[in-house]
file final_21.txt (compact mmCIF, C-alpha atoms and all ligand atoms)
# COMPACT_ATOMS: atom_id res chain seq x y z
CA MET A 733 15.89 -0.84 -1.16
CA ARG A 734 12.95 -3.04 -2.13
CA TRP A 735 9.79 -4.23 -0.44
CA LEU A 736 6.96 -6.72 -0.72
CA THR A 737 3.70 -7.31 1.10
CA ALA A 738 1.40 -10.31 1.53
CA GLY A 739 -1.85 -10.95 3.33
CA GLU A 740 -5.59 -10.49 2.90
CA SER A 741 -8.02 -7.89 4.19
CA HIS A 742 -9.77 -10.36 6.52
CA GLY A 743 -6.84 -12.76 6.93
CA PRO A 744 -4.91 -13.16 10.17
CA ALA A 745 -2.38 -10.45 9.32
CA LEU A 746 -0.59 -8.39 6.71
CA LEU A 747 3.07 -9.23 6.23
CA GLY A 748 5.79 -6.97 4.90
CA ILE A 749 9.50 -7.12 4.17
CA LEU A 750 11.63 -4.05 3.61
CA ASP A 751 15.02 -5.08 2.29
CA GLY A 752 18.03 -2.76 2.05
CA MET A 753 17.46 -0.56 5.10
CA PRO A 754 20.83 0.65 6.39
CA SER A 755 21.89 -0.10 9.95
CA GLY A 756 21.89 2.53 12.67
CA VAL A 757 18.46 4.07 12.03
CA THR A 758 16.41 4.70 15.17
CA LEU A 759 13.17 2.77 14.73
CA THR A 760 10.63 1.59 17.28
CA THR A 761 7.26 -0.12 17.15
CA ASP A 762 5.74 3.09 18.52
CA MET A 763 7.05 5.04 15.52
CA VAL A 764 5.31 2.59 13.17
CA ARG A 765 2.14 2.64 15.32
CA ALA A 766 2.02 6.43 15.10
CA ALA A 767 2.18 6.26 11.30
CA LEU A 768 -0.56 3.62 11.17
CA ALA A 769 -2.77 5.72 13.43
CA ARG A 770 -2.47 8.62 10.96
CA ARG A 771 -3.88 6.39 8.18
CA ARG A 772 -7.03 5.72 10.20
CA LEU A 773 -7.90 9.42 10.42
CA GLY A 774 -10.35 11.25 8.23
CA HIS A 775 -13.97 12.08 7.61
CA GLY A 776 -15.80 9.62 5.38
CA ARG A 777 -14.38 6.34 6.67
CA GLY A 778 -16.75 3.43 7.31
CA ALA A 779 -17.58 1.33 10.34
CA ARG A 780 -14.54 -0.93 10.16
CA GLN A 781 -12.09 1.84 11.05
CA LYS A 782 -13.95 2.47 14.29
CA PHE A 783 -13.47 -0.95 15.80
CA GLU A 784 -10.43 -2.41 14.05
CA ARG A 785 -6.94 -1.98 15.49
CA ASP A 786 -3.61 -2.27 13.67
CA GLU A 787 -1.59 -4.65 15.84
CA VAL A 788 1.97 -4.17 14.63
CA THR A 789 5.00 -6.34 15.38
CA LEU A 790 8.53 -5.75 14.12
CA SER A 791 9.88 -9.24 13.53
CA GLY A 792 13.28 -8.69 11.95
CA GLY A 793 15.95 -6.12 11.19
CA VAL A 794 15.53 -4.01 14.34
CA ARG A 795 17.17 -4.56 17.72
CA HIS A 796 16.80 -2.40 20.83
CA GLY A 797 15.22 0.40 18.79
CA VAL A 798 17.90 0.54 16.07
CA THR A 799 17.97 -1.06 12.61
CA THR A 800 20.64 -3.72 12.06
CA GLY A 801 20.87 -3.62 8.26
CA ALA A 802 19.00 -6.93 7.95
CA PRO A 803 15.61 -7.01 6.15
CA ILE A 804 12.87 -5.46 8.25
CA GLY A 805 10.05 -7.93 8.85
CA MET A 806 6.69 -6.55 9.87
CA THR A 807 3.33 -8.03 10.81
CA ILE A 808 0.12 -6.08 11.18
CA ALA A 809 -2.43 -8.41 12.73
CA ASN A 810 -6.08 -7.92 11.79
CA SER A 811 -8.04 -7.61 15.00
CA GLU A 812 -11.13 -8.80 13.06
CA TRP A 813 -9.54 -12.21 12.41
CA PRO A 814 -11.54 -14.22 14.99
CA LYS A 815 -14.72 -13.43 13.00
CA TRP A 816 -13.12 -14.64 9.77
CA GLU A 817 -11.17 -17.66 10.90
CA VAL A 818 -13.37 -20.17 9.06
CA VAL A 819 -14.08 -18.16 5.92
CA MET A 820 -10.42 -17.24 5.43
CA SER A 821 -8.83 -20.42 6.78
CA ALA A 822 -5.64 -21.38 4.91
CA ASP A 823 -6.36 -25.03 5.57
CA PRO A 824 -9.39 -26.94 4.23
CA VAL A 825 -12.63 -26.55 6.16
CA ALA A 826 -15.73 -28.74 6.08
CA PRO A 827 -18.31 -27.34 3.62
CA GLU A 828 -20.97 -27.33 6.34
CA ASP A 829 -18.76 -25.04 8.46
CA LEU A 830 -18.52 -22.56 5.60
CA LEU A 831 -22.23 -22.32 5.04
CA ILE A 832 -23.32 -21.65 8.59
CA ASP A 833 -25.49 -18.69 9.28
CA ALA A 834 -23.94 -17.34 12.48
CA GLY A 835 -27.48 -16.95 13.81
CA THR A 836 -27.12 -13.26 14.50
CA GLY A 837 -29.81 -12.36 11.98
CA ASP A 838 -27.25 -9.93 10.55
CA GLU A 839 -27.45 -10.11 6.74
CA ARG A 840 -23.76 -9.29 6.45
CA GLU A 841 -22.85 -12.15 8.78
CA ILE A 842 -24.74 -14.57 6.55
CA ALA A 843 -23.41 -13.10 3.30
CA ARG A 844 -19.83 -13.30 4.55
CA ASN A 845 -20.13 -17.07 4.62
CA LYS A 846 -21.42 -17.37 1.05
CA ARG A 847 -19.57 -17.64 -2.23
CA LEU A 848 -19.53 -14.19 -3.90
CA THR A 849 -20.53 -14.60 -7.54
CA LYS A 850 -21.59 -11.05 -8.50
CA PRO A 851 -18.45 -9.04 -9.36
CA ARG A 852 -18.64 -5.44 -8.13
CA PRO A 853 -17.99 -2.80 -10.82
CA GLY A 854 -14.92 -0.66 -10.12
CA HIS A 855 -13.19 -3.46 -8.19
CA ALA A 856 -10.75 -6.18 -9.27
CA ASP A 857 -13.54 -8.78 -8.90
CA LEU A 858 -14.47 -9.52 -12.54
CA ALA A 859 -11.04 -9.49 -14.15
CA GLY A 860 -9.57 -11.33 -11.16
CA MET A 861 -12.23 -14.07 -11.19
CA LEU A 862 -11.73 -14.69 -14.90
CA ALA A 863 -7.94 -14.30 -14.98
CA TYR A 864 -7.34 -16.52 -11.93
CA ASP A 865 -10.22 -18.90 -12.72
CA HIS A 866 -12.14 -18.36 -9.48
CA THR A 867 -15.86 -18.84 -8.91
CA ASP A 868 -15.73 -16.90 -5.62
CA ALA A 869 -14.84 -13.20 -5.86
CA ARG A 870 -13.53 -13.35 -2.29
CA ASN A 871 -10.36 -15.01 -3.63
CA VAL A 872 -9.72 -11.75 -5.49
CA LEU A 873 -11.21 -8.98 -3.38
CA GLU A 874 -9.47 -9.98 -0.17
CA ARG A 875 -6.09 -9.18 -1.67
CA ALA A 876 -7.21 -6.26 -3.87
CA SER A 877 -8.63 -4.46 -0.82
CA ALA A 878 -6.95 -1.25 0.26
CA ARG A 879 -6.48 -2.82 3.68
CA GLU A 880 -3.05 -3.70 2.24
CA THR A 881 -2.12 0.00 2.30
CA ALA A 882 -1.69 -0.36 6.07
CA MET A 883 1.48 -2.34 5.37
CA ARG A 884 2.70 0.23 2.86
CA VAL A 885 2.38 2.83 5.61
CA GLY A 886 4.14 0.50 8.07
CA LEU A 887 7.09 -0.07 5.74
CA GLY A 888 6.97 3.56 4.61
CA ALA A 889 7.32 4.65 8.24
CA CYS A 890 10.70 2.84 8.33
CA ALA A 891 11.77 4.50 5.06
CA ARG A 892 10.66 7.85 6.41
CA ALA A 893 12.68 7.45 9.62
CA PHE A 894 15.73 6.76 7.44
CA LEU A 895 15.07 9.83 5.24
CA THR A 896 14.70 12.14 8.22
CA GLN A 897 17.75 10.82 10.03
CA ALA A 898 20.02 10.53 6.96
CA ALA A 899 19.04 13.63 5.02
CA GLY A 900 16.57 15.75 7.00
CA ILE A 901 13.91 15.09 4.34
CA GLU A 902 10.38 15.92 5.55
CA ILE A 903 7.12 14.93 3.89
CA VAL A 904 3.68 16.48 4.30
CA SER A 905 0.33 16.04 2.53
CA HIS A 906 -2.98 17.81 2.20
CA VAL A 907 -6.23 17.28 0.35
CA VAL A 908 -6.77 19.70 -2.53
CA ALA A 909 -10.16 18.47 -3.78
CA ILE A 910 -13.13 16.44 -2.60
CA GLY A 911 -15.48 15.91 -5.53
CA SER A 912 -15.95 19.36 -7.09
CA VAL A 913 -14.90 21.27 -3.93
CA THR A 914 -11.36 22.50 -4.57
CA SER A 915 -8.95 24.08 -2.10
CA ALA A 916 -6.89 27.18 -2.69
CA ALA A 917 -4.87 26.53 0.48
CA PRO A 918 -1.14 27.16 -0.04
CA CYS A 919 1.34 24.32 -0.37
CA PRO A 920 1.75 22.94 3.18
CA ARG A 921 5.03 23.13 5.11
CA PRO A 922 6.36 20.48 7.51
CA ALA A 923 5.29 22.75 10.41
CA ASP A 924 1.66 22.27 9.25
CA ALA A 925 1.78 18.47 9.67
CA GLU A 926 0.11 18.36 13.09
CA ALA A 927 -2.67 20.77 12.14
CA LEU A 928 -3.29 18.79 8.95
CA ASP A 929 -3.63 15.54 10.92
CA ALA A 930 -6.10 17.33 13.17
CA SER A 931 -8.27 18.43 10.23
CA PRO A 932 -10.98 15.85 9.37
CA VAL A 933 -10.26 16.41 5.68
CA ARG A 934 -6.55 17.38 5.78
CA CYS A 935 -7.32 20.94 4.70
CA LEU A 936 -6.21 24.08 6.54
CA ASP A 937 -8.65 26.49 4.87
CA GLU A 938 -11.65 26.55 7.21
CA GLU A 939 -14.34 27.38 4.66
CA THR A 940 -13.05 24.77 2.19
CA GLN A 941 -12.86 22.24 5.01
CA ARG A 942 -16.51 22.88 5.85
CA GLN A 943 -17.51 22.42 2.19
CA MET A 944 -15.45 19.23 1.85
CA ILE A 945 -17.07 17.70 4.94
CA ALA A 946 -20.50 18.67 3.59
CA ALA A 947 -19.71 17.12 0.20
CA ILE A 948 -18.74 13.81 1.88
CA ASP A 949 -21.87 13.90 4.06
CA ASP A 950 -24.07 14.67 1.04
CA ALA A 951 -22.58 11.76 -0.89
CA ARG A 952 -23.11 9.38 2.01
CA SER A 953 -26.64 10.49 2.75
CA SER A 954 -27.66 10.12 -0.89
CA GLY A 955 -26.27 6.57 -1.04
CA ASP A 956 -23.27 7.63 -3.08
CA THR A 957 -19.48 7.86 -2.75
CA ILE A 958 -17.01 10.61 -3.62
CA GLY A 959 -13.39 10.95 -4.79
CA GLY A 960 -10.84 13.75 -4.79
CA VAL A 961 -7.24 14.80 -5.07
CA ALA A 962 -4.35 14.76 -2.56
CA GLU A 963 -1.01 16.54 -2.78
CA VAL A 964 2.25 15.37 -1.20
CA VAL A 965 5.28 17.61 -0.79
CA ALA A 966 8.78 16.46 0.21
CA TYR A 967 11.22 19.08 1.53
CA GLY A 968 15.00 18.80 1.69
CA VAL A 969 15.40 16.38 -1.24
CA PRO A 970 18.95 16.82 -2.56
CA ILE A 971 19.39 17.66 -6.23
CA GLY A 972 20.02 14.73 -8.57
CA LEU A 973 17.99 11.80 -7.13
CA GLY A 974 16.78 9.60 -9.99
CA THR A 975 18.47 9.76 -13.38
CA HIS A 976 17.89 10.90 -16.96
CA THR A 977 19.92 7.94 -18.22
CA GLN A 978 17.35 5.12 -18.11
CA TYR A 979 13.54 5.27 -18.37
CA ASP A 980 12.76 3.09 -15.38
CA ARG A 981 15.17 4.83 -13.01
CA ARG A 982 13.77 8.32 -13.54
CA LEU A 983 12.46 9.76 -10.28
CA ASP A 984 9.18 10.79 -11.90
CA THR A 985 8.72 7.26 -13.32
CA ARG A 986 9.24 5.78 -9.87
CA LEU A 987 7.02 8.27 -8.05
CA ALA A 988 4.23 7.95 -10.60
CA GLY A 989 4.29 4.15 -10.33
CA ALA A 990 4.37 4.25 -6.54
CA LEU A 991 1.39 6.59 -6.33
CA MET A 992 -0.59 4.92 -9.11
CA SER A 993 -0.26 1.63 -7.24
CA ILE A 994 -2.51 2.92 -4.45
CA PRO A 995 -5.95 1.34 -4.99
CA SER A 996 -8.37 3.86 -6.54
CA VAL A 997 -5.70 6.32 -7.72
CA LYS A 998 -6.49 7.07 -11.36
CA ALA A 999 -4.15 9.97 -12.18
CA VAL A 1000 -0.82 11.24 -10.93
CA GLU A 1001 0.49 14.74 -11.51
CA ILE A 1002 4.06 15.94 -11.02
CA GLY A 1003 4.28 19.63 -10.17
CA ASP A 1004 1.81 21.72 -12.19
CA GLY A 1005 1.34 18.73 -14.53
CA PHE A 1006 -1.87 19.22 -16.49
CA ALA A 1007 -1.92 23.00 -15.93
CA GLN A 1008 1.68 23.17 -17.17
CA SER A 1009 0.57 21.58 -20.43
CA ARG A 1010 -1.80 24.52 -20.99
CA THR A 1011 0.74 27.24 -20.12
CA PRO A 1012 3.01 28.87 -22.76
CA GLY A 1013 6.61 27.64 -22.53
CA SER A 1014 7.81 31.11 -21.62
CA ARG A 1015 5.86 30.88 -18.34
CA ALA A 1016 5.80 27.15 -17.68
CA HIS A 1017 9.38 26.59 -16.52
CA ASP A 1018 11.41 27.49 -13.46
CA GLU A 1019 14.10 29.98 -14.36
CA ILE A 1020 17.55 29.62 -12.81
CA VAL A 1021 19.05 32.71 -11.17
CA PRO A 1022 22.15 33.38 -9.06
CA GLY A 1023 21.34 33.86 -5.36
CA PRO A 1024 23.34 34.74 -2.24
CA ASP A 1025 23.74 31.03 -1.33
CA GLY A 1026 24.09 29.58 -4.83
CA LEU A 1027 21.71 28.87 -7.69
CA GLU A 1028 18.02 29.60 -7.12
CA ARG A 1029 14.73 29.04 -8.96
CA THR A 1030 12.11 31.71 -9.47
CA SER A 1031 9.22 29.19 -9.21
CA ASN A 1032 8.50 25.45 -8.83
CA HIS A 1033 6.13 24.55 -11.68
CA ALA A 1034 8.14 21.36 -12.25
CA GLY A 1035 7.36 20.05 -8.76
CA GLY A 1036 11.04 19.66 -7.99
CA ILE A 1037 11.76 17.19 -10.82
CA GLU A 1038 13.39 17.88 -14.19
CA GLY A 1039 14.80 15.33 -16.60
CA GLY A 1040 13.89 12.47 -14.30
CA MET A 1041 15.95 13.92 -11.42
CA SER A 1042 15.16 15.97 -8.35
CA SER A 1043 16.03 19.59 -9.04
CA GLY A 1044 16.64 20.66 -5.46
CA GLY A 1045 13.25 22.27 -4.81
CA PRO A 1046 10.35 20.72 -2.91
CA VAL A 1047 9.13 17.56 -4.68
CA ARG A 1048 5.42 18.12 -5.23
CA VAL A 1049 3.09 15.39 -6.54
CA ARG A 1050 -0.68 14.94 -6.69
CA CYS A 1051 -2.87 11.90 -7.04
CA ALA A 1052 -6.53 11.72 -8.01
CA PHE A 1053 -8.72 9.11 -6.28
CA LYS A 1054 -11.83 7.76 -8.00
CA PRO A 1055 -14.96 7.57 -5.83
CA ILE A 1056 -15.20 4.43 -3.69
CA SER A 1057 -16.36 1.57 -5.91
CA THR A 1058 -18.74 -0.11 -3.45
CA VAL A 1059 -21.61 2.32 -3.97
CA PRO A 1060 -24.56 1.96 -1.57
CA HIS A 1061 -26.82 2.55 -4.63
CA ALA A 1062 -25.85 -0.94 -5.75
CA LEU A 1063 -24.52 -0.96 -9.33
CA ALA A 1064 -25.58 -3.32 -12.11
CA THR A 1065 -23.59 -6.50 -12.58
CA VAL A 1066 -24.06 -10.11 -13.68
CA ASP A 1067 -24.20 -13.21 -11.48
CA LEU A 1068 -21.39 -15.32 -12.97
CA ASP A 1069 -23.07 -18.52 -11.69
CA THR A 1070 -26.28 -17.92 -13.67
CA GLY A 1071 -25.37 -15.31 -16.32
CA GLU A 1072 -28.39 -13.31 -15.12
CA ALA A 1073 -28.41 -9.55 -14.49
CA ALA A 1074 -27.94 -8.76 -10.81
CA ARG A 1075 -27.12 -5.99 -8.36
CA ALA A 1076 -23.63 -5.76 -6.81
CA LEU A 1077 -23.50 -6.64 -3.14
CA HIS A 1078 -23.08 -3.65 -0.86
CA GLN A 1079 -21.67 -4.30 2.58
CA ARG A 1080 -20.30 -1.65 4.93
CA SER A 1081 -17.87 0.63 3.12
CA ASP A 1082 -16.03 3.92 3.26
CA ALA A 1083 -17.77 6.88 1.58
CA CYS A 1084 -14.51 8.65 0.80
CA ALA A 1085 -10.91 7.42 0.94
CA VAL A 1086 -9.09 10.59 -0.10
CA VAL A 1087 -8.00 11.59 3.43
CA PRO A 1088 -6.38 8.23 4.33
CA GLY A 1089 -5.26 8.04 0.69
CA ALA A 1090 -3.21 11.23 1.18
CA VAL A 1091 -1.46 9.62 4.16
CA VAL A 1092 -0.76 6.43 2.18
CA ALA A 1093 0.65 8.61 -0.63
CA GLU A 1094 3.08 10.26 1.83
CA TYR A 1095 4.54 6.88 2.73
CA GLN A 1096 4.70 5.72 -0.90
CA VAL A 1097 6.73 8.87 -1.58
CA ALA A 1098 8.94 8.04 1.41
CA LEU A 1099 9.64 4.52 0.13
CA THR A 1100 10.46 5.88 -3.34
CA LEU A 1101 12.75 8.67 -2.11
CA ALA A 1102 14.55 6.36 0.33
CA ALA A 1103 15.32 3.92 -2.48
CA ALA A 1104 16.45 6.76 -4.78
CA LEU A 1105 18.66 8.30 -2.07
CA LEU A 1106 20.36 4.97 -1.43
CA ASP A 1107 20.84 4.41 -5.17
CA HIS A 1108 22.57 7.76 -5.37
CA VAL A 1109 24.82 7.93 -2.33
CA GLY A 1110 24.87 4.30 -1.11
CA GLY A 1111 25.96 3.01 2.28
CA TYR A 1112 25.19 0.05 4.54
CA SER A 1113 24.94 2.17 7.68
CA LEU A 1114 23.29 5.47 8.52
CA ALA A 1115 26.74 6.94 9.24
CA GLN A 1116 28.03 5.90 5.80
CA VAL A 1117 24.97 7.30 4.05
CA SER A 1118 25.27 10.58 5.98
CA ASP A 1119 29.00 10.87 5.20
CA ASN A 1120 28.42 10.12 1.52
CA LEU A 1121 25.59 12.64 1.36
CA GLU A 1122 27.71 15.28 3.08
CA ALA A 1123 30.52 14.75 0.56
CA TYR A 1124 28.00 14.98 -2.31
CA ARG A 1125 26.49 18.16 -0.87
CA ALA A 1126 29.98 19.67 -0.47
CA ARG A 1127 30.66 18.94 -4.14
CA LEU A 1128 27.30 20.47 -5.07
CA GLY A 1129 28.22 23.57 -3.05
CA GLU A 1130 31.44 23.95 -5.06
CA ARG A 1131 29.56 23.58 -8.36
CA SER A 1132 26.57 25.82 -7.69
C1 LIG B 1201 -7.52 3.99 2.12
C2 LIG B 1201 -8.49 3.40 1.14
C3 LIG B 1201 -9.70 2.89 1.61
C4 LIG B 1201 -10.62 2.33 0.72
N1 LIG B 1201 -11.81 1.84 1.21
C5 LIG B 1201 -12.70 1.31 0.36
C6 LIG B 1201 -13.97 0.81 0.81
O1 LIG B 1201 -14.28 0.87 2.02
N2 LIG B 1201 -14.82 0.29 -0.09
C7 LIG B 1201 -14.50 0.23 -1.43
O2 LIG B 1201 -15.31 -0.23 -2.21
N3 LIG B 1201 -13.34 0.69 -1.90
C8 LIG B 1201 -12.43 1.22 -1.03
N4 LIG B 1201 -11.24 1.69 -1.52
C9 LIG B 1201 -10.98 1.67 -2.94
C10 LIG B 1201 -10.79 0.29 -3.50
O3 LIG B 1201 -9.75 -0.36 -2.83
C11 LIG B 1201 -10.53 0.47 -4.99
O4 LIG B 1201 -11.59 1.14 -5.57
C12 LIG B 1201 -10.36 -0.83 -5.70
O5 LIG B 1201 -9.20 -1.50 -5.22
C13 LIG B 1201 -10.22 -0.71 -7.19
O6 LIG B 1201 -9.40 0.38 -7.51
P1 LIG B 1201 -8.36 0.27 -8.72
O7 LIG B 1201 -9.14 0.11 -9.96
O8 LIG B 1201 -7.62 1.56 -8.68
O9 LIG B 1201 -7.48 -0.89 -8.37
C14 LIG B 1201 -10.32 2.28 -0.65
C15 LIG B 1201 -9.11 2.80 -1.13
C16 LIG B 1201 -8.19 3.37 -0.25
C17 LIG B 1201 -6.91 3.92 -0.77
C1 LIG B 1202 -9.74 -2.13 6.16
C2 LIG B 1202 -9.39 -1.06 5.53
O1 LIG B 1202 -9.99 -0.55 4.41
C3 LIG B 1202 -10.94 -1.33 3.75
C4 LIG B 1202 -10.68 -1.17 2.28
C5 LIG B 1202 -11.79 -1.71 1.46
C6 LIG B 1202 -11.55 -1.90 0.01
O2 LIG B 1202 -12.43 -2.49 -0.66
O3 LIG B 1202 -10.52 -1.46 -0.51
C7 LIG B 1202 -13.02 -2.00 2.02
C8 LIG B 1202 -13.31 -1.81 3.47
O4 LIG B 1202 -13.18 -3.03 4.15
P1 LIG B 1202 -14.45 -3.98 4.41
O5 LIG B 1202 -14.86 -4.46 3.07
O6 LIG B 1202 -13.96 -5.08 5.28
O7 LIG B 1202 -15.47 -3.14 5.09
C9 LIG B 1202 -12.33 -0.86 4.11
O8 LIG B 1202 -12.53 -0.83 5.51
C10 LIG B 1202 -8.25 -0.25 5.98
O9 LIG B 1202 -7.97 0.74 5.28
O10 LIG B 1202 -7.63 -0.60 7.00
call {"tool": "encode", "arguments": {"input": "final_21.txt", "output": "structure tokens", "more": "lines below"}}
Ligand SMILES: Cc1cc2nc3c(=O)[nH]c(=O)nc-3n(C[C@H](O)[C@H](O)[C@H](O)COP(=O)(O)O)c2cc1C
Ligand SMILES: C=C(O[C@@H]1CC(C(=O)O)=C[C@@H](OP(=O)(O)O)[C@H]1O)C(=O)O
result
Amino acid sequence: MRWLTAGESHGPALLGILDGMPSGVTLTTDMVRAALARRRLGHGRGARQKFERDEVTLSGGVRHGVTTGAPIGMTIANSEWPKWEVVMSADPVAPEDLLIDAGTGDEREIARNKRLTKPRPGHADLAGMLAYDHTDARNVLERASARETAMRVGLGACARAFLTQAAGIEIVSHVVAIGSVTSAAPCPRPADAEALDASPVRCLDEETQRQMIAAIDDARSSGDTIGGVAEVVAYGVPIGLGTHTQYDRRLDTRLAGALMSIPSVKAVEIGDGFAQSRTPGSRAHDEIVPGPDGLERTSNHAGGIEGGMSSGGPVRVRCAFKPISTVPHALATVDLDTGEAARALHQRSDACAVVPGAVVAEYQVALTLAAALLDHVGGYSLAQVSDNLEAYRARLGERS
């Protein structure tokens, strides 16, 4: 299974292709819509989330609510497109059309139509302008924007439907830190998913939730932004996905890459990760004991992955998000046109992206696990995958 996306933040649409999806998986536009709606939730989002809609179309690989085995084509139209048609036009436009002040008196409306020459620290702007030889940062920032994560969720929703239907795998996420406010809430279970979606900060501990909301509000009111940490847990992952035999096919390699690819993720932790590195070996590992139904573990410090393979326990990963880069307290930069010191442009922006980031992380995990499951058991149809998995599980039962 492999996937690609294209499209810009203020372009007409995001495009995605998910190749390798087996046939026979129940999948509807409503299922994808529901996933996209989850990504829009959360305290700390900016103005754009309030008025923009994700207009999704399945344009390949699904017929009458069931996948066909052909590549899944997906479009998520940007409902803001009419405002950006000239600025983001694929075809040449007359220079005088580009420079118009829309006459609204709105500074942002005017700025949108200008070349952006002051790269914003923390964004792809500077490296992208130099590497791709652009004099307008818009040619970089439009693609670097986390708007693209909508498509990852869209494609991830397809992968997730496959995981649930083929293997009963369930994925849930929560937020474990906003800035310096940390949560001691227990690892969430699939039954918590609805309550977590209903929490403005994806946290089920009421006092911590209150403090997290306050931390986001404080950051926003003082012209600042704030980061945090999200945890994703996948239940029902069979033992042995991934492999110890090649570095790039290890499950931890693939999960770490998938999570690190989310814009603003700066660290990924598998299981106890950093804490494990500070724990003596005698207490850091998950001992294997005989149980009534086969082998059992006494703990899950490893986060369900050992030697690059799933170990049969819940797969537990965390990712740390840096604070939003577009800080209202505009940061120092240089105008590349003049070489003079300048202040980075601040337009509307999110104050905190950890809550939607947790949702995006769930779907990145889904895409990774779906690919790893198919690598392991194979099959062109859901029935074949299920049969192959059943045979593998029967063999596991005999061995353990
Ligand atoms: C869901 C989500 C929403 C985001 N919203 C914003 C935003 O409104 N403003 C902003 O400056 N950065 C936002 N970001 C973060 C930027 O996309 C990110 O800082 C930038 O791409 C550079 O990060 P990188 O160095 O990890 O690539 C958001 C990130 C995510 C995951
Ligand atoms: C549009 C989304 O996120 C955007 C991600 C983003 C960025 O710089 O990454 C900046 C903001 O967009 P704008 O610059 O147009 O205000 C966010 O709204 C989305 O998540 O759907």
call {"tool": "closest_residue", "arguments": {"input": "final_21.txt", "among": "A:Glu1001, A:Asp984, A:Glu784, A:Glu1072", "to": "ligand LIG 1202 (chain B)", "atoms": "all atoms listed in the file"}}
result
A:Glu784
call {"tool": "residues_near_point", "arguments": {"input": "final_21.txt", "point": "(10.3, 6.8, -3.4)", "cutoff": "12 Å", "atoms": "all atoms listed in the file", "output": "PyMOL selection string"}}
result
chain A and resi 733-735+884+887-888+891-892+895+901+903+964+966+969+973-974+981-991+1042+1047+1049+1093-1107
call {"tool": "atom_distance", "arguments": {"input": "final_21.txt", "atom1": "CA of Ala1085 (chain A)", "atom2": "CA of Arg952 (chain A)"}}
result
12.4 Å
call {"tool": "residues_near_ligand", "arguments": {"input": "final_21.txt", "ligand": "ligand LIG 1202 (chain B)", "cutoff": "9 Å", "atoms": "only C-alpha atoms and all ligand atoms", "output": "short mmCIF file (atom, residue, chain, number, x, y, z; two decimals) with C-alpha atoms, in the coordinates of the input"}}
result
data_model
loop_
_atom_site.label_atom_id
_atom_site.label_comp_id
_atom_site.auth_asym_id
_atom_site.auth_seq_id
_atom_site.Cartn_x
_atom_site.Cartn_y
_atom_site.Cartn_z
CA SER A 741 -8.02 -7.89 4.19
CA HIS A 742 -9.77 -10.36 6.52
CA ARG A 771 -3.88 6.39 8.18
CA ARG A 772 -7.03 5.72 10.20
CA ARG A 777 -14.38 6.34 6.67
CA GLY A 778 -16.75 3.43 7.31
CA ALA A 779 -17.58 1.33 10.34
CA ARG A 780 -14.54 -0.93 10.16
CA GLN A 781 -12.09 1.84 11.05
CA GLU A 784 -10.43 -2.41 14.05
CA ARG A 785 -6.94 -1.98 15.49
CA ASP A 786 -3.61 -2.27 13.67
CA ASN A 810 -6.08 -7.92 11.79
CA HIS A 855 -13.19 -3.46 -8.19
CA LEU A 873 -11.21 -8.98 -3.38
CA GLU A 874 -9.47 -9.98 -0.17
CA ARG A 875 -6.09 -9.18 -1.67
CA ALA A 876 -7.21 -6.26 -3.87
CA SER A 877 -8.63 -4.46 -0.82
CA ALA A 878 -6.95 -1.25 0.26
CA ARG A 879 -6.48 -2.82 3.68
CA GLU A 880 -3.05 -3.70 2.24
CA THR A 881 -2.12 0.00 2.30
CA ALA A 882 -1.69 -0.36 6.07
CA PRO A 995 -5.95 1.34 -4.99
CA SER A 996 -8.37 3.86 -6.54
CA ILE A 1056 -15.20 4.43 -3.69
CA SER A 1057 -16.36 1.57 -5.91
CA THR A 1058 -18.74 -0.11 -3.45
CA GLN A 1079 -21.67 -4.30 2.58
CA ARG A 1080 -20.30 -1.65 4.93
CA SER A 1081 -17.87 0.63 3.12
CA ASP A 1082 -16.03 3.92 3.26
CA ALA A 1085 -10.91 7.42 0.94
CA PRO A 1088 -6.38 8.23 4.33
#
call {"tool": "atom_distance", "arguments": {"input": "final_21.txt", "atom1": "CA of Ala869 (chain A)", "atom2": "CA of Leu848 (chain A)"}}
result
5.2 Å
call {"tool": "closest_residue", "arguments": {"input": "final_21.txt", "among": "A:Ala889, A:Ile958, A:Ala1052, A:Val1087", "to": "Val997 (chain A)", "atoms": "all atoms listed in the file"}}
result
A:Ala1052
call {"tool": "atom_distance", "arguments": {"input": "final_21.txt", "atom1": "CA of Gly739 (chain A)", "atom2": "atom C1 of ligand LIG 1201 (chain B)"}}
result
16.0 Å
call {"tool": "axis_aligned_box", "arguments": {"input": "final_21.txt", "around": "ligand LIG 1201 (chain B)", "padding_each_side": "3 Å", "output": "lines of an AutoDock Vina configuration file"}}
result
center_x = -11.1
center_y = 1.2
center_z = -3.9
size_x = 14.4
size_y = 11.5
size_z = 18.1
call {"tool": "closest_residue", "arguments": {"input": "final_21.txt", "among": "A:Asp865, A:Asp1018, A:Asp956, A:Glu812", "to": "ligand LIG 1201 (chain B)", "atoms": "only C-alpha atoms and all ligand atoms"}}
result
A:Asp956
call {"tool": "residues_near_point", "arguments": {"input": "final_21.txt", "point": "(-0.9, 3.6, 14.4)", "cutoff": "10 Å", "atoms": "all atoms listed in the file", "output": "list of chain:residue names"}}
result
A:Thr761, A:Asp762, A:Met763, A:Val764, A:Arg765, A:Ala766, A:Ala767, A:Leu768, A:Ala769, A:Arg770, A:Arg771, A:Arg772, A:Leu773, A:Arg785, A:Asp786, A:Glu787, A:Val788, A:Ala882, A:Val885, A:Gly886
call {"tool": "closest_residue", "arguments": {"input": "final_21.txt", "among": "A:Lys782, A:His1061, A:Lys846, A:Lys998", "to": "ligand LIG 1201 (chain B)", "atoms": "only C-alpha atoms and all ligand atoms"}}
result
A:Lys998
